[in-house]
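S.K.: What follows is final_12.tsv, made up of TSV, N, CA and C atoms and all ligand atoms:
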```tsv
chain	number	residue	atom	x	y	z
A	1204	MET	N	5.80	10.43	6.01
A	1204	MET	CA	7.00	10.40	6.84
A	1204	MET	C	8.13	9.68	6.11
A	1205	ARG	N	7.77	8.61	5.39
A	1205	ARG	CA	8.81	7.87	4.67
A	1205	ARG	C	9.43	8.73	3.57
A	1206	VAL	N	8.61	9.49	2.89
A	1206	VAL	CA	9.14	10.29	1.77
A	1206	VAL	C	9.68	11.62	2.28
A	1207	PHE	N	8.84	12.38	2.98
A	1207	PHE	CA	9.23	13.74	3.37
A	1207	PHE	C	10.40	13.74	4.35
A	1208	VAL	N	10.29	12.95	5.38
A	1208	VAL	CA	11.36	12.95	6.40
A	1208	VAL	C	12.55	12.10	5.94
A	1209	ASP	N	12.26	10.86	5.56
A	1209	ASP	CA	13.37	9.94	5.30
A	1209	ASP	C	14.03	10.17	3.95
A	1210	LYS	N	13.26	10.07	2.87
A	1210	LYS	CA	13.88	10.22	1.54
A	1210	LYS	C	14.37	11.63	1.31
A	1211	CYS	N	13.58	12.60	1.72
A	1211	CYS	CA	13.91	13.99	1.42
A	1211	CYS	C	15.02	14.51	2.34
A	1212	HIS	N	14.77	14.53	3.63
A	1212	HIS	CA	15.74	15.13	4.54
A	1212	HIS	C	16.92	14.23	4.86
A	1213	HIS	N	16.64	13.01	5.22
A	1213	HIS	CA	17.74	12.14	5.64
A	1213	HIS	C	18.67	11.79	4.48
A	1214	THR	N	18.12	11.63	3.28
A	1214	THR	CA	18.97	11.32	2.12
A	1214	THR	C	19.98	12.43	1.87
A	1215	LYS	N	19.52	13.67	1.96
A	1215	LYS	CA	20.43	14.80	1.71
A	1215	LYS	C	21.60	14.77	2.70
A	1216	GLU	N	21.28	14.44	3.94
A	1216	GLU	CA	22.34	14.41	4.95
A	1216	GLU	C	23.24	13.18	4.78
A	1217	GLU	N	22.63	12.02	4.66
A	1217	GLU	CA	23.42	10.79	4.64
A	1217	GLU	C	24.21	10.62	3.34
A	1218	ALA	N	23.65	11.04	2.23
A	1218	ALA	CA	24.34	10.84	0.95
A	1218	ALA	C	25.29	11.99	0.61
A	1219	TYR	N	25.03	13.17	1.15
A	1219	TYR	CA	25.85	14.32	0.73
A	1219	TYR	C	26.50	15.10	1.89
A	1220	LEU	N	25.68	15.59	2.82
A	1220	LEU	CA	26.25	16.47	3.85
A	1220	LEU	C	27.21	15.74	4.80
A	1221	PHE	N	26.77	14.61	5.35
A	1221	PHE	CA	27.64	13.89	6.30
A	1221	PHE	C	28.96	13.47	5.65
A	1222	PRO	N	28.93	12.83	4.45
A	1222	PRO	CA	30.22	12.45	3.84
A	1222	PRO	C	31.13	13.66	3.59
A	1223	GLU	N	30.54	14.77	3.19
A	1223	GLU	CA	31.34	15.97	2.93
A	1223	GLU	C	31.97	16.47	4.23
A	1224	MET	N	31.22	16.43	5.31
A	1224	MET	CA	31.75	16.87	6.61
A	1224	MET	C	32.82	15.90	7.10
A	1225	GLU	N	32.59	14.61	6.89
A	1225	GLU	CA	33.57	13.61	7.33
A	1225	GLU	C	34.88	13.77	6.54
A	1226	LYS	N	34.74	14.05	5.25
A	1226	LYS	CA	35.92	14.26	4.39
A	1226	LYS	C	36.72	15.48	4.86
A	1227	SER	N	36.03	16.48	5.36
A	1227	SER	CA	36.68	17.72	5.78
A	1227	SER	C	37.31	17.62	7.16
A	1228	ASP	N	37.07	16.48	7.83
A	1228	ASP	CA	37.68	16.23	9.13
A	1228	ASP	C	37.45	17.39	10.11
A	1229	ILE	N	36.22	17.79	10.26
A	1229	ILE	CA	35.87	18.91	11.14
A	1229	ILE	C	35.97	18.46	12.60
A	1230	PRO	N	36.65	19.26	13.44
A	1230	PRO	CA	36.80	18.87	14.85
A	1230	PRO	C	35.43	18.62	15.52
A	1231	ASP	N	35.36	17.55	16.29
A	1231	ASP	CA	34.17	17.18	17.06
A	1231	ASP	C	32.95	16.81	16.20
A	1232	SER	N	33.15	16.63	14.90
A	1232	SER	CA	31.98	16.34	14.07
A	1232	SER	C	31.64	14.84	14.02
A	1233	ARG	N	32.64	13.98	14.22
A	1233	ARG	CA	32.41	12.54	14.05
A	1233	ARG	C	31.36	12.00	15.03
A	1234	GLU	N	31.51	12.36	16.28
A	1234	GLU	CA	30.56	11.88	17.29
A	1234	GLU	C	29.15	12.40	17.01
A	1235	LEU	N	29.09	13.67	16.63
A	1235	LEU	CA	27.78	14.27	16.32
A	1235	LEU	C	27.12	13.57	15.14
A	1236	ILE	N	27.89	13.34	14.07
A	1236	ILE	CA	27.34	12.70	12.87
A	1236	ILE	C	26.90	11.26	13.17
A	1237	THR	N	27.71	10.55	13.96
A	1237	THR	CA	27.33	9.18	14.33
A	1237	THR	C	26.02	9.18	15.10
A	1238	SER	N	25.86	10.12	16.03
A	1238	SER	CA	24.61	10.15	16.81
A	1238	SER	C	23.43	10.52	15.91
A	1239	LEU	N	23.63	11.40	14.95
A	1239	LEU	CA	22.54	11.78	14.04
A	1239	LEU	C	22.14	10.62	13.13
A	1240	LYS	N	23.15	9.87	12.65
A	1240	LYS	CA	22.85	8.68	11.82
A	1240	LYS	C	22.06	7.66	12.64
A	1241	ASN	N	22.48	7.46	13.89
A	1241	ASN	CA	21.76	6.52	14.75
A	1241	ASN	C	20.32	6.97	14.98
A	1242	GLU	N	20.12	8.28	15.11
A	1242	GLU	CA	18.76	8.80	15.29
A	1242	GLU	C	17.92	8.61	14.03
A	1243	HIS	N	18.54	8.76	12.85
A	1243	HIS	CA	17.80	8.47	11.61
A	1243	HIS	C	17.30	7.03	11.63
A	1244	GLU	N	18.20	6.13	12.02
A	1244	GLU	CA	17.84	4.71	12.05
A	1244	GLU	C	16.74	4.44	13.08
A	1245	GLU	N	16.88	5.06	14.25
A	1245	GLU	CA	15.86	4.91	15.30
A	1245	GLU	C	14.51	5.41	14.78
A	1246	GLY	N	14.54	6.53	14.05
A	1246	GLY	CA	13.32	7.11	13.48
A	1246	GLY	C	12.68	6.15	12.49
A	1247	ARG	N	13.50	5.50	11.66
A	1247	ARG	CA	12.96	4.53	10.68
A	1247	ARG	C	12.25	3.39	11.40
A	1248	GLN	N	12.79	2.99	12.54
A	1248	GLN	CA	12.15	1.91	13.29
A	1248	GLN	C	10.79	2.35	13.85
A	1249	TYR	N	10.71	3.59	14.36
A	1249	TYR	CA	9.41	4.10	14.83
A	1249	TYR	C	8.42	4.16	13.69
A	1250	VAL	N	8.87	4.66	12.52
A	1250	VAL	CA	7.96	4.78	11.37
A	1250	VAL	C	7.48	3.40	10.92
A	1251	SER	N	8.35	2.40	10.94
A	1251	SER	CA	7.93	1.04	10.57
A	1251	SER	C	6.86	0.52	11.52
A	1252	ARG	N	7.07	0.77	12.82
A	1252	ARG	CA	6.09	0.30	13.80
A	1252	ARG	C	4.76	1.05	13.63
A	1253	ILE	N	4.84	2.36	13.36
A	1253	ILE	CA	3.62	3.14	13.14
A	1253	ILE	C	2.90	2.62	11.89
A	1254	GLU	N	3.67	2.37	10.84
A	1254	GLU	CA	3.09	1.87	9.59
A	1254	GLU	C	2.39	0.53	9.80
A	1255	ARG	N	3.04	-0.36	10.54
A	1255	ARG	CA	2.42	-1.67	10.82
A	1255	ARG	C	1.13	-1.48	11.62
A	1256	ALA	N	1.19	-0.59	12.60
A	1256	ALA	CA	0.02	-0.38	13.47
A	1256	ALA	C	-1.17	0.18	12.69
A	1257	VAL	N	-0.93	1.07	11.72
A	1257	VAL	CA	-2.06	1.66	10.99
A	1257	VAL	C	-2.49	0.82	9.78
A	1258	SER	N	-1.64	-0.10	9.35
A	1258	SER	CA	-2.03	-0.87	8.17
A	1258	SER	C	-2.89	-2.09	8.51
A	1259	GLU	N	-3.01	-2.37	9.79
A	1259	GLU	CA	-3.90	-3.45	10.21
A	1259	GLU	C	-5.35	-3.05	9.96
A	1260	LYS	N	-6.22	-4.03	9.82
A	1260	LYS	CA	-7.65	-3.73	9.73
A	1260	LYS	C	-8.06	-3.03	11.03
A	1261	GLU	N	-9.04	-2.13	10.89
A	1261	GLU	CA	-9.38	-1.26	12.01
A	1261	GLU	C	-9.61	-2.02	13.33
A	1262	GLU	N	-10.30	-3.15	13.28
A	1262	GLU	CA	-10.59	-3.88	14.52
A	1262	GLU	C	-9.34	-4.52	15.13
A	1263	HIS	N	-8.27	-4.64	14.34
A	1263	HIS	CA	-7.04	-5.24	14.86
A	1263	HIS	C	-5.94	-4.22	15.14
A	1264	ARG	N	-6.24	-2.95	14.88
A	1264	ARG	CA	-5.20	-1.94	15.06
A	1264	ARG	C	-4.79	-1.83	16.52
A	1265	GLU	N	-3.50	-1.78	16.72
A	1265	GLU	CA	-3.00	-1.65	18.09
A	1265	GLU	C	-2.78	-0.17	18.38
A	1266	LEU	N	-3.83	0.47	18.88
A	1266	LEU	CA	-3.73	1.91	19.12
A	1266	LEU	C	-2.64	2.29	20.12
A	1267	PRO	N	-2.46	1.52	21.21
A	1267	PRO	CA	-1.36	1.89	22.13
A	1267	PRO	C	0.00	1.88	21.42
A	1268	THR	N	0.22	0.92	20.51
A	1268	THR	CA	1.48	0.87	19.76
A	1268	THR	C	1.62	2.09	18.88
A	1269	LEU	N	0.53	2.46	18.22
A	1269	LEU	CA	0.53	3.63	17.36
A	1269	LEU	C	0.85	4.90	18.16
A	1270	VAL	N	0.17	5.08	19.29
A	1270	VAL	CA	0.36	6.27	20.11
A	1270	VAL	C	1.77	6.31	20.70
A	1271	GLU	N	2.18	5.19	21.25
A	1271	GLU	CA	3.50	5.11	21.90
A	1271	GLU	C	4.64	5.44	20.91
A	1272	ASN	N	4.57	4.84	19.72
A	1272	ASN	CA	5.63	5.07	18.74
A	1272	ASN	C	5.55	6.45	18.11
A	1273	SER	N	4.34	6.97	17.96
A	1273	SER	CA	4.19	8.33	17.42
A	1273	SER	C	4.77	9.35	18.39
A	1274	ARG	N	4.48	9.18	19.66
A	1274	ARG	CA	5.04	10.11	20.68
A	1274	ARG	C	6.56	10.02	20.73
A	1275	ALA	N	7.07	8.80	20.68
A	1275	ALA	CA	8.52	8.62	20.73
A	1275	ALA	C	9.18	9.24	19.49
A	1276	TYR	N	8.51	9.10	18.34
A	1276	TYR	CA	9.05	9.65	17.09
A	1276	TYR	C	9.06	11.18	17.13
A	1277	ILE	N	7.98	11.75	17.66
A	1277	ILE	CA	7.90	13.22	17.79
A	1277	ILE	C	9.03	13.71	18.69
A	1278	GLN	N	9.22	13.04	19.81
A	1278	GLN	CA	10.27	13.43	20.76
A	1278	GLN	C	11.66	13.30	20.11
A	1279	LEU	N	11.88	12.19	19.41
A	1279	LEU	CA	13.17	11.97	18.74
A	1279	LEU	C	13.43	13.06	17.71
A	1280	LEU	N	12.45	13.32	16.84
A	1280	LEU	CA	12.65	14.31	15.77
A	1280	LEU	C	12.82	15.72	16.32
A	1281	THR	N	12.11	16.04	17.39
A	1281	THR	CA	12.23	17.37	17.99
A	1281	THR	C	13.67	17.61	18.47
A	1282	LEU	N	14.21	16.62	19.18
A	1282	LEU	CA	15.60	16.74	19.66
A	1282	LEU	C	16.59	16.69	18.50
A	1283	HIS	N	16.30	15.85	17.52
A	1283	HIS	CA	17.17	15.69	16.35
A	1283	HIS	C	17.26	17.01	15.56
A	1284	ILE	N	16.14	17.61	15.31
A	1284	ILE	CA	16.11	18.88	14.55
A	1284	ILE	C	16.86	19.96	15.33
A	1285	ASP	N	16.65	19.99	16.64
A	1285	ASP	CA	17.33	20.97	17.48
A	1285	ASP	C	18.86	20.77	17.40
A	1286	LYS	N	19.27	19.52	17.46
A	1286	LYS	CA	20.70	19.19	17.39
A	1286	LYS	C	21.29	19.61	16.04
A	1287	GLU	N	20.52	19.40	14.97
A	1287	GLU	CA	21.02	19.78	13.65
A	1287	GLU	C	21.07	21.30	13.49
A	1288	GLU	N	20.01	21.95	13.90
A	1288	GLU	CA	19.96	23.41	13.70
A	1288	GLU	C	20.97	24.15	14.57
A	1289	ASN	N	21.21	23.65	15.78
A	1289	ASN	CA	22.10	24.36	16.69
A	1289	ASN	C	23.54	23.87	16.71
A	1290	ASN	N	23.79	22.68	16.19
A	1290	ASN	CA	25.16	22.15	16.19
A	1290	ASN	C	25.67	21.83	14.79
A	1291	LEU	N	24.95	20.96	14.09
A	1291	LEU	CA	25.45	20.48	12.79
A	1291	LEU	C	25.53	21.59	11.74
A	1292	PHE	N	24.43	22.29	11.52
A	1292	PHE	CA	24.42	23.28	10.44
A	1292	PHE	C	25.39	24.44	10.69
A	1293	PRO	N	25.47	24.99	11.91
A	1293	PRO	CA	26.48	26.03	12.13
A	1293	PRO	C	27.90	25.51	11.90
A	1294	MET	N	28.14	24.25	12.28
A	1294	MET	CA	29.45	23.63	12.08
A	1294	MET	C	29.75	23.50	10.58
A	1295	ALA	N	28.78	23.02	9.82
A	1295	ALA	CA	28.95	22.88	8.36
A	1295	ALA	C	29.18	24.25	7.74
A	1296	ASP	N	28.43	25.22	8.18
A	1296	ASP	CA	28.55	26.57	7.63
A	1296	ASP	C	29.93	27.17	7.91
A	1297	ALA	N	30.46	26.87	9.09
A	1297	ALA	CA	31.75	27.44	9.48
A	1297	ALA	C	32.93	26.75	8.77
A	1298	TYR	N	32.80	25.46	8.49
A	1298	TYR	CA	33.96	24.72	7.99
A	1298	TYR	C	33.92	24.38	6.50
A	1299	LEU	N	32.74	24.30	5.90
A	1299	LEU	CA	32.68	23.94	4.48
A	1299	LEU	C	32.77	25.20	3.63
A	1300	SER	N	33.60	25.14	2.60
A	1300	SER	CA	33.81	26.33	1.76
A	1300	SER	C	32.53	26.68	0.99
A	1301	GLN	N	32.52	27.88	0.47
A	1301	GLN	CA	31.37	28.33	-0.32
A	1301	GLN	C	31.17	27.44	-1.55
A	1302	VAL	N	32.28	26.99	-2.14
A	1302	VAL	CA	32.19	26.12	-3.32
A	1302	VAL	C	31.53	24.79	-2.94
A	1303	VAL	N	31.98	24.21	-1.83
A	1303	VAL	CA	31.40	22.93	-1.37
A	1303	VAL	C	29.92	23.13	-1.03
A	1304	GLN	N	29.60	24.22	-0.37
A	1304	GLN	CA	28.20	24.47	0.00
A	1304	GLN	C	27.33	24.63	-1.25
A	1305	LYS	N	27.89	25.27	-2.27
A	1305	LYS	CA	27.13	25.44	-3.51
A	1305	LYS	C	26.90	24.07	-4.18
A	1306	ASP	N	27.94	23.22	-4.18
A	1306	ASP	CA	27.79	21.86	-4.74
A	1306	ASP	C	26.74	21.07	-3.95
A	1307	LEU	N	26.77	21.22	-2.62
A	1307	LEU	CA	25.79	20.52	-1.78
A	1307	LEU	C	24.38	20.96	-2.13
A	1308	LEU	N	24.22	22.27	-2.30
A	1308	LEU	CA	22.89	22.80	-2.64
A	1308	LEU	C	22.39	22.20	-3.95
A	1309	GLU	N	23.30	22.08	-4.92
A	1309	GLU	CA	22.91	21.48	-6.21
A	1309	GLU	C	22.53	20.00	-6.03
A	1310	SER	N	23.28	19.30	-5.17
A	1310	SER	CA	22.95	17.89	-4.91
A	1310	SER	C	21.60	17.78	-4.21
A	1311	PHE	N	21.33	18.69	-3.27
A	1311	PHE	CA	20.04	18.68	-2.56
A	1311	PHE	C	18.90	18.92	-3.55
A	1312	GLU	N	19.13	19.84	-4.47
A	1312	GLU	CA	18.09	20.13	-5.45
A	1312	GLU	C	17.86	18.94	-6.38
A	1313	ALA	N	18.95	18.20	-6.67
A	1313	ALA	CA	18.81	16.99	-7.50
A	1313	ALA	C	17.99	15.93	-6.77
A	1314	VAL	N	18.18	15.83	-5.44
A	1314	VAL	CA	17.37	14.89	-4.65
A	1314	VAL	C	15.89	15.28	-4.79
A	1315	GLU	N	15.63	16.57	-4.67
A	1315	GLU	CA	14.24	17.05	-4.78
A	1315	GLU	C	13.62	16.68	-6.13
A	1316	THR	N	14.34	16.94	-7.21
A	1316	THR	CA	13.72	16.72	-8.53
A	1316	THR	C	13.79	15.27	-8.97
A	1317	GLU	N	14.90	14.57	-8.67
A	1317	GLU	CA	15.07	13.21	-9.20
A	1317	GLU	C	14.49	12.13	-8.29
A	1318	ILE	N	14.56	12.32	-6.98
A	1318	ILE	CA	14.09	11.27	-6.07
A	1318	ILE	C	12.68	11.58	-5.57
A	1319	ILE	N	12.46	12.80	-5.15
A	1319	ILE	CA	11.16	13.16	-4.57
A	1319	ILE	C	10.15	13.54	-5.66
A	1320	GLY	N	10.62	14.26	-6.64
A	1320	GLY	CA	9.72	14.71	-7.72
A	1320	GLY	C	9.53	16.21	-7.66
A	1321	PRO	N	9.49	16.88	-8.82
A	1321	PRO	CA	9.37	18.34	-8.84
A	1321	PRO	C	8.08	18.80	-8.15
A	1322	GLY	N	8.23	19.82	-7.29
A	1322	GLY	CA	7.06	20.40	-6.62
A	1322	GLY	C	6.54	19.62	-5.43
A	1323	LYS	N	7.09	18.42	-5.20
A	1323	LYS	CA	6.58	17.56	-4.11
A	1323	LYS	C	6.88	18.15	-2.73
A	1324	HIS	N	8.07	18.73	-2.57
A	1324	HIS	CA	8.47	19.30	-1.29
A	1324	HIS	C	7.45	20.36	-0.85
A	1325	GLU	N	7.12	21.26	-1.77
A	1325	GLU	CA	6.15	22.32	-1.48
A	1325	GLU	C	4.76	21.72	-1.20
A	1326	GLU	N	4.45	20.66	-1.96
A	1326	GLU	CA	3.16	19.98	-1.75
A	1326	GLU	C	3.09	19.40	-0.34
A	1327	PHE	N	4.19	18.79	0.11
A	1327	PHE	CA	4.24	18.24	1.47
A	1327	PHE	C	4.07	19.35	2.50
A	1328	HIS	N	4.72	20.50	2.28
A	1328	HIS	CA	4.60	21.62	3.21
A	1328	HIS	C	3.15	22.09	3.32
A	1329	ARG	N	2.50	22.25	2.16
A	1329	ARG	CA	1.09	22.69	2.17
A	1329	ARG	C	0.23	21.68	2.91
A	1330	TRP	N	0.47	20.41	2.64
A	1330	TRP	CA	-0.30	19.34	3.25
A	1330	TRP	C	-0.07	19.33	4.76
A	1331	LEU	N	1.19	19.47	5.22
A	1331	LEU	CA	1.50	19.47	6.65
A	1331	LEU	C	0.86	20.65	7.36
A	1332	HIS	N	0.87	21.84	6.70
A	1332	HIS	CA	0.23	23.01	7.32
A	1332	HIS	C	-1.27	22.79	7.44
A	1333	ALA	N	-1.86	22.18	6.43
A	1333	ALA	CA	-3.30	21.90	6.48
A	1333	ALA	C	-3.60	20.91	7.60
A	1334	MET	N	-2.76	19.88	7.76
A	1334	MET	CA	-2.93	18.91	8.85
A	1334	MET	C	-2.77	19.60	10.19
A	1335	GLY	N	-1.79	20.51	10.28
A	1335	GLY	CA	-1.55	21.24	11.52
A	1335	GLY	C	-2.78	22.05	11.93
A	1336	GLU	N	-3.46	22.64	10.94
A	1336	GLU	CA	-4.66	23.42	11.22
A	1336	GLU	C	-5.74	22.55	11.87
A	1337	VAL	N	-5.79	21.29	11.46
A	1337	VAL	CA	-6.82	20.39	11.97
A	1337	VAL	C	-6.38	19.75	13.30
A	1338	TYR	N	-5.14	19.23	13.34
A	1338	TYR	CA	-4.74	18.40	14.47
A	1338	TYR	C	-3.88	19.09	15.52
A	1339	ALA	N	-3.26	20.21	15.19
A	1339	ALA	CA	-2.33	20.82	16.15
A	1339	ALA	C	-2.88	22.12	16.73
A	1340	LYS	N	-4.18	22.31	16.65
A	1340	LYS	CA	-4.77	23.52	17.24
A	1340	LYS	C	-4.72	23.44	18.76
A	1341	PRO	N	-4.42	24.59	19.41
A	1341	PRO	CA	-4.44	24.58	20.88
A	1341	PRO	C	-5.85	24.31	21.38
A	1342	ARG	N	-5.95	23.54	22.45
A	1342	ARG	CA	-7.27	23.19	23.00
A	1342	ARG	C	-7.71	24.18	24.05
B	1401	FE	FE	18.81	14.36	10.23
```
Give the structure from the file, written as structure tokens.
Ligand SMILES: [Fe+2]
M.R.:
Amino acid sequence: MRVFVDKCHHTKEEAYLFPEMEKSDIPDSRELITSLKNEHEEGRQYVSRIERAVSEKEEHRELPTLVENSRAYIQLLTLHIDKEENNLFPMADAYLSQVVQKDLLESFEAVETEIIGPGKHEEFHRWLHAMGEVYAKPR
């Protein structure tokens, strides 16, 4: 979660997409971007609490803390992704020029290779699908 969600996705938005949108002064974008940044921060707090809960020795693990924060994180990310896909990305697509979008894509790819590591994104996807097969099967 720290690498795939935070370093990979949030870095691309916070370091490149949000500043570019703010620079372009897109109508109604400021409030949306502020709320998305706040949600990133809220997500980091859930992940820290989850990390603390699982890093304890098994007999001291606070399972209610783990479950409570995991559920809250899932709920936060579900709404966050929906907000980005239905509001932020269409807005960016409509207002940012093709040249800017191409530059952003190059910056995103640099994040993948320089910060995350070549092939890591695909590795995370394979790993998440494998986890989904085990843990997200309908009962
Ligand atoms: Fe985000």
S.K.: Just the number, please: distance in Å from atom N of Asp1296 (chain A) to atom C of Leu1331 (chain A), one decimal.
M.R.: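 According to the coordinates, atom N of Asp1296 (chain A) and atom C of Leu1331 (chain A) are separated by 28.0 Å.
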S.K.: In Å, rounded to a single decimal, give me how far atom C of Ile1319 (chain A) is from atom C of Val1257 (chain A).
M.R.: 23.7 Å
S.K.: Give the answer as one residue: which of A:Lys1215, A:His1263, A:Arg1329, A:Arg1205 has the shortest atom-to-atom distance to ligand FE 1401 (chain B), using only C-alpha atoms and all ligand atoms?
M.R.: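 The shortest atom-to-atom distance to ligand FE 1401 (chain B) comes from A:Lys1215.
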S.K.: Could you give me, as CSV, every chain A residue with an atom at most 7 Å from ligand FE 1401 (chain B), plus its closest atom pair and distance in Å to one decimal, counting only N, CA and C atoms and all ligand atoms, rows ordered by chain then number?
M.R.:
```
residue,atom,partner,partner_atom,distance
A:His1212,C,B:FE1401,FE,5.7
A:His1213,CA,B:FE1401,FE,5.2
A:Glu1216,CA,B:FE1401,FE,6.4
A:Leu1239,C,B:FE1401,FE,5.8
A:Lys1240,N,B:FE1401,FE,6.7
A:Glu1242,C,B:FE1401,FE,6.9
A:His1243,CA,B:FE1401,FE,6.1
A:His1283,C,B:FE1401,FE,6.2
A:Ile1284,N,B:FE1401,FE,6.6
A:Glu1287,CA,B:FE1401,FE,6.8
```
S.K.: Measuring atom to atom with all atoms listed in the file, identify which of A:Arg1247, A:Arg1252, A:Lys1286, A:Lys1260 is nearest to Asn1272 (chain A).
M.R.: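 Among the listed residues, A:Arg1252 lies closest to Asn1272 (chain A).
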S.K.: For the atom pair CA of Glu1325 (chain A) and CA of Lys1305 (chain A), what is the interatomic distance in Å to one decimal place?
M.R.: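 Interatomic distance, CA of Glu1325 (chain A) to CA of Lys1305 (chain A): 21.3 Å.
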S.K.: In region 1204-1257 of chain A, what's alpha helix (DSSP H) per DSSP? Answer as a ChimeraX atom specification?
M.R.: /A:1214,1221-1226,1232-1257
S.K.: Could you tell me which of A:Leu1235, A:Val1206, A:Ile1229, A:Ile1318 comes closest to Asn1290 (chain A) if we count only N, CA and C atoms?
M.R.: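 Checking each candidate against Asn1290 (chain A), we get A:Leu1235 as the closest.
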S.K.: Just checking: using only C-alpha atoms, which residue out of A:Ala1295, A:Leu1279, A:Val1250, A:Ala1333 ends up closest to Glu1223 (chain A)?
M.R.: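 Selected residue with least distance to Glu1223 (chain A): A:Ala1295.
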S.K.: Return the single residue from A:Glu1225, A:Asp1209, A:Glu1326, A:Glu1336 that is closest to Gly1246 (chain A), with distances computed using only C-alpha atoms.
M.R.: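 The closest residue to Gly1246 (chain A) is A:Asp1209.
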S.K.: So, with only C-alpha atoms as the atoms that count, which of A:Lys1323, A:Glu1271, A:Tyr1298, A:Glu1312 lies closest to Lys1226 (chain A)?
M.R.: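 For Lys1226 (chain A), the nearest of the candidates is A:Tyr1298.
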S.K.: Please identify all polymer residues within 8 Å of Val1314 (chain A), counting all atoms listed in the file, omitting same-chain residues fewer than 6 positions from it, and present them as an MDAnalysis selection string.
M.R.: chainID A and resid 1210:1211 1214:1215 1308 1320:1321
S.K.: Would you save the residues from that selection as a PDB file, keeping the file's coordinate frame, using N, CA and C atoms?
M.R.:
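Output (out-v2.pdb):
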```
ATOM      1  N   LYS A1210      13.260  10.070   2.870  1.00  0.00           N
ATOM      2  CA  LYS A1210      13.880  10.220   1.540  1.00  0.00           C
ATOM      3  C   LYS A1210      14.370  11.630   1.310  1.00  0.00           C
ATOM      4  N   CYS A1211      13.580  12.600   1.720  1.00  0.00           N
ATOM      5  CA  CYS A1211      13.910  13.990   1.420  1.00  0.00           C
ATOM      6  C   CYS A1211      15.020  14.510   2.340  1.00  0.00           C
ATOM      7  N   THR A1214      18.120  11.630   3.280  1.00  0.00           N
ATOM      8  CA  THR A1214      18.970  11.320   2.120  1.00  0.00           C
ATOM      9  C   THR A1214      19.980  12.430   1.870  1.00  0.00           C
ATOM     10  N   LYS A1215      19.520  13.670   1.960  1.00  0.00           N
ATOM     11  CA  LYS A1215      20.430  14.800   1.710  1.00  0.00           C
ATOM     12  C   LYS A1215      21.600  14.770   2.700  1.00  0.00           C
ATOM     13  N   LEU A1308      24.220  22.270  -2.300  1.00  0.00           N
ATOM     14  CA  LEU A1308      22.890  22.800  -2.640  1.00  0.00           C
ATOM     15  C   LEU A1308      22.390  22.200  -3.950  1.00  0.00           C
ATOM     16  N   GLY A1320      10.620  14.260  -6.640  1.00  0.00           N
ATOM     17  CA  GLY A1320       9.720  14.710  -7.720  1.00  0.00           C
ATOM     18  C   GLY A1320       9.530  16.210  -7.660  1.00  0.00           C
ATOM     19  N   PRO A1321       9.490  16.880  -8.820  1.00  0.00           N
ATOM     20  CA  PRO A1321       9.370  18.340  -8.840  1.00  0.00           C
ATOM     21  C   PRO A1321       8.080  18.800  -8.150  1.00  0.00           C
TER      22      PRO A1321
END
```
S.K.: Can you pull out every residue within 8 Å of Ser1227 (chain A), counting only N, CA and C atoms, but drop anything in the same chain fewer than 5 positions away, and send it as a ChimeraX atom specification?
M.R.: /A:1221-1222,1298-1299
S.K.: Write the residues of the selection above to a file with N, CA and C atoms, as a compact mmCIF listing (two decimals), in the coordinates of the input.
M.R.:
```
# COMPACT_ATOMS: atom_id res chain seq x y z
N PHE A 1221 26.77 14.61 5.35
CA PHE A 1221 27.64 13.89 6.30
C PHE A 1221 28.96 13.47 5.65
N PRO A 1222 28.93 12.83 4.45
CA PRO A 1222 30.22 12.45 3.84
C PRO A 1222 31.13 13.66 3.59
N TYR A 1298 32.80 25.46 8.49
CA TYR A 1298 33.96 24.72 7.99
C TYR A 1298 33.92 24.38 6.50
N LEU A 1299 32.74 24.30 5.90
CA LEU A 1299 32.68 23.94 4.48
C LEU A 1299 32.77 25.20 3.63
```
